[in-house]
Amino acid sequence: MATNHDDTRAQKRENIDPKEMIRPIPIAASLVTLGMVVFGVIYLLISEPLTTAQYGDQRTVADLSGSPQTADSNQAAAADGKALYAAQCAACHQANGQGVPGVFPPLDGSEWVQGEPRILANILLHGINGELEVAGQKYQGMMPAFPQLSDNELAETITYIRTAWSNRADAVQAGLFEAERQSGAGRTTPFEGGAALKALMEKNN
């Protein structure tokens, strides 16, 4: 009797043999998935094409040069110098225009910023590489050019810099950049420090 009782307990501990079963996806989950797919298709059909500036710069060389035949006047008029500065310049020169001591020169109170606007325009158009003295301190570095910006965007950026913080210089018009693009069309390298900028200033005078 004891042996039979032990065998019965052993049999109860055995697992039931697995069986292959097909369990369909719950109807609620299927409806939610279908709804998401339908929504995605409808959204793609009614949304704008991926050709606006926010999905990549689609402008041509003529647009950047300020050609009135192809430039979008509404977009040009909407250029925001402060926003452009924040996006293109603030990482190095800081939001307050003070720069980084010994690394990036300040724009606030800079003689280059408040001086001849043609020099500042050429710095943005061609860049500068080499020693530059700002407010009595020498800096050795490189500033890139901004060929991706239009004449109007560059003018708005410079105007903001020349009038922000303690700077009180005059505004700059887009026509200045159009003229400097043409006069420096053959230049393919950045200016070699402050000496090259002074030479350009003397040439202009």
# chains A, B, ... in the order shown; residues from 1 in each chain; ligands from 1
>>> residues_around(residues="segment 117-121 of chain A", least_positions_apart="5", cutoff="8 Å", atoms="only C-alpha atoms", output="PDB file with C-alpha atoms, in the first residue's frame")
ATOM      1  CA  TRP A 112      36.592  94.690 -35.783  1.00  0.00           C
ATOM      2  CA  LEU A 154      24.494  87.543 -43.295  1.00  0.00           C
ATOM      3  CA  ILE A 158      26.104  91.334 -38.668  1.00  0.00           C
ATOM      4  CA  VAL A 172      24.385  96.587 -42.552  1.00  0.00           C
ATOM      5  CA  LEU A 176      27.136  95.051 -49.068  1.00  0.00           C
ATOM      6  CA  PHE A 177      27.494  91.282 -49.203  1.00  0.00           C
ATOM      7  CA  GLU A 180      31.805  91.898 -51.632  1.00  0.00           C
ATOM      8  CA  LEU A 197      42.416  92.275 -42.902  1.00  0.00           C
ATOM      9  CA  LEU A 200      42.217  94.818 -47.216  1.00  0.00           C
ATOM     10  CA  MET A 201      41.118  97.874 -45.262  1.00  0.00           C
TER      11      MET A 201
END
>>> select_by_dssp(residues="segment 96-196 of chain A", states="strand (DSSP E or B)", output="VMD selection string")
chain A and resid 100 104 128 to 134 137 to 143 191
>>> write_last_selection(atoms="N, CA and C atoms", output="PDB file, in the first residue's frame")
ATOM      1  N   VAL A 100      35.488  83.241 -25.521  1.00  0.00           N
ATOM      2  CA  VAL A 100      36.173  82.421 -24.520  1.00  0.00           C
ATOM      3  C   VAL A 100      37.596  82.938 -24.409  1.00  0.00           C
ATOM      4  N   PHE A 104      38.434  82.034 -28.159  1.00  0.00           N
ATOM      5  CA  PHE A 104      37.576  82.709 -29.130  1.00  0.00           C
ATOM      6  C   PHE A 104      37.428  84.174 -28.740  1.00  0.00           C
ATOM      7  N   ILE A 128      38.688  83.427 -41.581  1.00  0.00           N
ATOM      8  CA  ILE A 128      40.001  83.964 -41.197  1.00  0.00           C
ATOM      9  C   ILE A 128      40.785  82.892 -40.461  1.00  0.00           C
ATOM     10  N   ASN A 129      42.074  82.833 -40.734  1.00  0.00           N
ATOM     11  CA  ASN A 129      42.928  81.814 -40.140  1.00  0.00           C
ATOM     12  C   ASN A 129      44.262  82.456 -39.790  1.00  0.00           C
ATOM     13  N   GLY A 130      44.602  82.488 -38.499  1.00  0.00           N
ATOM     14  CA  GLY A 130      45.864  83.096 -38.098  1.00  0.00           C
ATOM     15  C   GLY A 130      45.684  84.002 -36.900  1.00  0.00           C
ATOM     16  N   GLU A 131      46.703  84.786 -36.633  1.00  0.00           N
ATOM     17  CA  GLU A 131      46.698  85.639 -35.447  1.00  0.00           C
ATOM     18  C   GLU A 131      45.827  86.872 -35.658  1.00  0.00           C
ATOM     19  N   LEU A 132      44.990  87.134 -34.665  1.00  0.00           N
ATOM     20  CA  LEU A 132      44.101  88.292 -34.702  1.00  0.00           C
ATOM     21  C   LEU A 132      44.086  88.924 -33.319  1.00  0.00           C
ATOM     22  N   GLU A 133      44.321  90.222 -33.277  1.00  0.00           N
ATOM     23  CA  GLU A 133      44.307  90.932 -32.011  1.00  0.00           C
ATOM     24  C   GLU A 133      42.965  91.614 -31.814  1.00  0.00           C
ATOM     25  N   VAL A 134      42.329  91.344 -30.688  1.00  0.00           N
ATOM     26  CA  VAL A 134      41.025  91.919 -30.365  1.00  0.00           C
ATOM     27  C   VAL A 134      41.087  92.486 -28.952  1.00  0.00           C
ATOM     28  N   GLN A 137      44.193  91.790 -26.902  1.00  0.00           N
ATOM     29  CA  GLN A 137      44.599  90.402 -26.667  1.00  0.00           C
ATOM     30  C   GLN A 137      44.702  89.662 -27.988  1.00  0.00           C
ATOM     31  N   LYS A 138      45.761  88.874 -28.136  1.00  0.00           N
ATOM     32  CA  LYS A 138      45.986  88.142 -29.375  1.00  0.00           C
ATOM     33  C   LYS A 138      45.340  86.759 -29.313  1.00  0.00           C
ATOM     34  N   TYR A 139      44.739  86.397 -30.449  1.00  0.00           N
ATOM     35  CA  TYR A 139      44.094  85.090 -30.579  1.00  0.00           C
ATOM     36  C   TYR A 139      44.674  84.381 -31.790  1.00  0.00           C
ATOM     37  N   GLN A 140      44.856  83.094 -31.656  1.00  0.00           N
ATOM     38  CA  GLN A 140      45.388  82.278 -32.737  1.00  0.00           C
ATOM     39  C   GLN A 140      44.395  81.160 -33.014  1.00  0.00           C
ATOM     40  N   GLY A 141      43.719  81.244 -34.109  1.00  0.00           N
ATOM     41  CA  GLY A 141      42.718  80.224 -34.398  1.00  0.00           C
ATOM     42  C   GLY A 141      42.177  80.350 -35.795  1.00  0.00           C
ATOM     43  N   MET A 142      41.020  79.756 -36.003  1.00  0.00           N
ATOM     44  CA  MET A 142      40.408  79.766 -37.324  1.00  0.00           C
ATOM     45  C   MET A 142      38.916  79.996 -37.190  1.00  0.00           C
ATOM     46  N   MET A 143      38.408  80.881 -38.012  1.00  0.00           N
ATOM     47  CA  MET A 143      36.965  81.105 -38.075  1.00  0.00           C
ATOM     48  C   MET A 143      36.503  80.716 -39.472  1.00  0.00           C
ATOM     49  N   PHE A 191      41.297  84.617 -44.901  1.00  0.00           N
ATOM     50  CA  PHE A 191      42.284  85.662 -44.672  1.00  0.00           C
ATOM     51  C   PHE A 191      43.318  85.186 -43.657  1.00  0.00           C
TER      52      PHE A 191
END
>>> atom_distance(atom1="atom CA of Val113 of chain A", atom2="atom CA of Arg181 of chain A")
19.0 Å
>>> residues_around(residues="Tyr160 of chain A", least_positions_apart="4", cutoff="9 Å", atoms="only C-alpha atoms", output="PyMOL selection string")
chain A and resi 80-82+85+155-156+164+171
>>> write_last_selection(atoms="C-alpha atoms", output="tab-separated table (two decimals), in the first residue's frame")
chain	number	residue	atom	x	y	z
A	80	ASP	CA	16.25	86.95	-37.70
A	81	GLY	CA	19.74	88.15	-36.84
A	82	LYS	CA	19.54	87.10	-33.20
A	85	TYR	CA	23.68	84.37	-34.30
A	155	ALA	CA	23.45	91.20	-43.17
A	156	GLU	CA	20.91	90.49	-40.43
A	164	ALA	CA	23.90	94.00	-29.49
A	171	ALA	CA	23.15	98.40	-39.45
>>> atom_distance(atom1="atom CA of Met21 of chain A", atom2="atom CA of Val37 of chain A")
28.3 Å
>>> select_by_dssp(residues="segment 95-128 of chain A", states="helix (DSSP H, G or I)", output="PyMOL selection string")
chain A and resi 111-114+117-126
>>> atom_distance(atom1="atom CA of Gln114 of chain A", atom2="atom CA of Ala169 of chain A")
5.4 Å
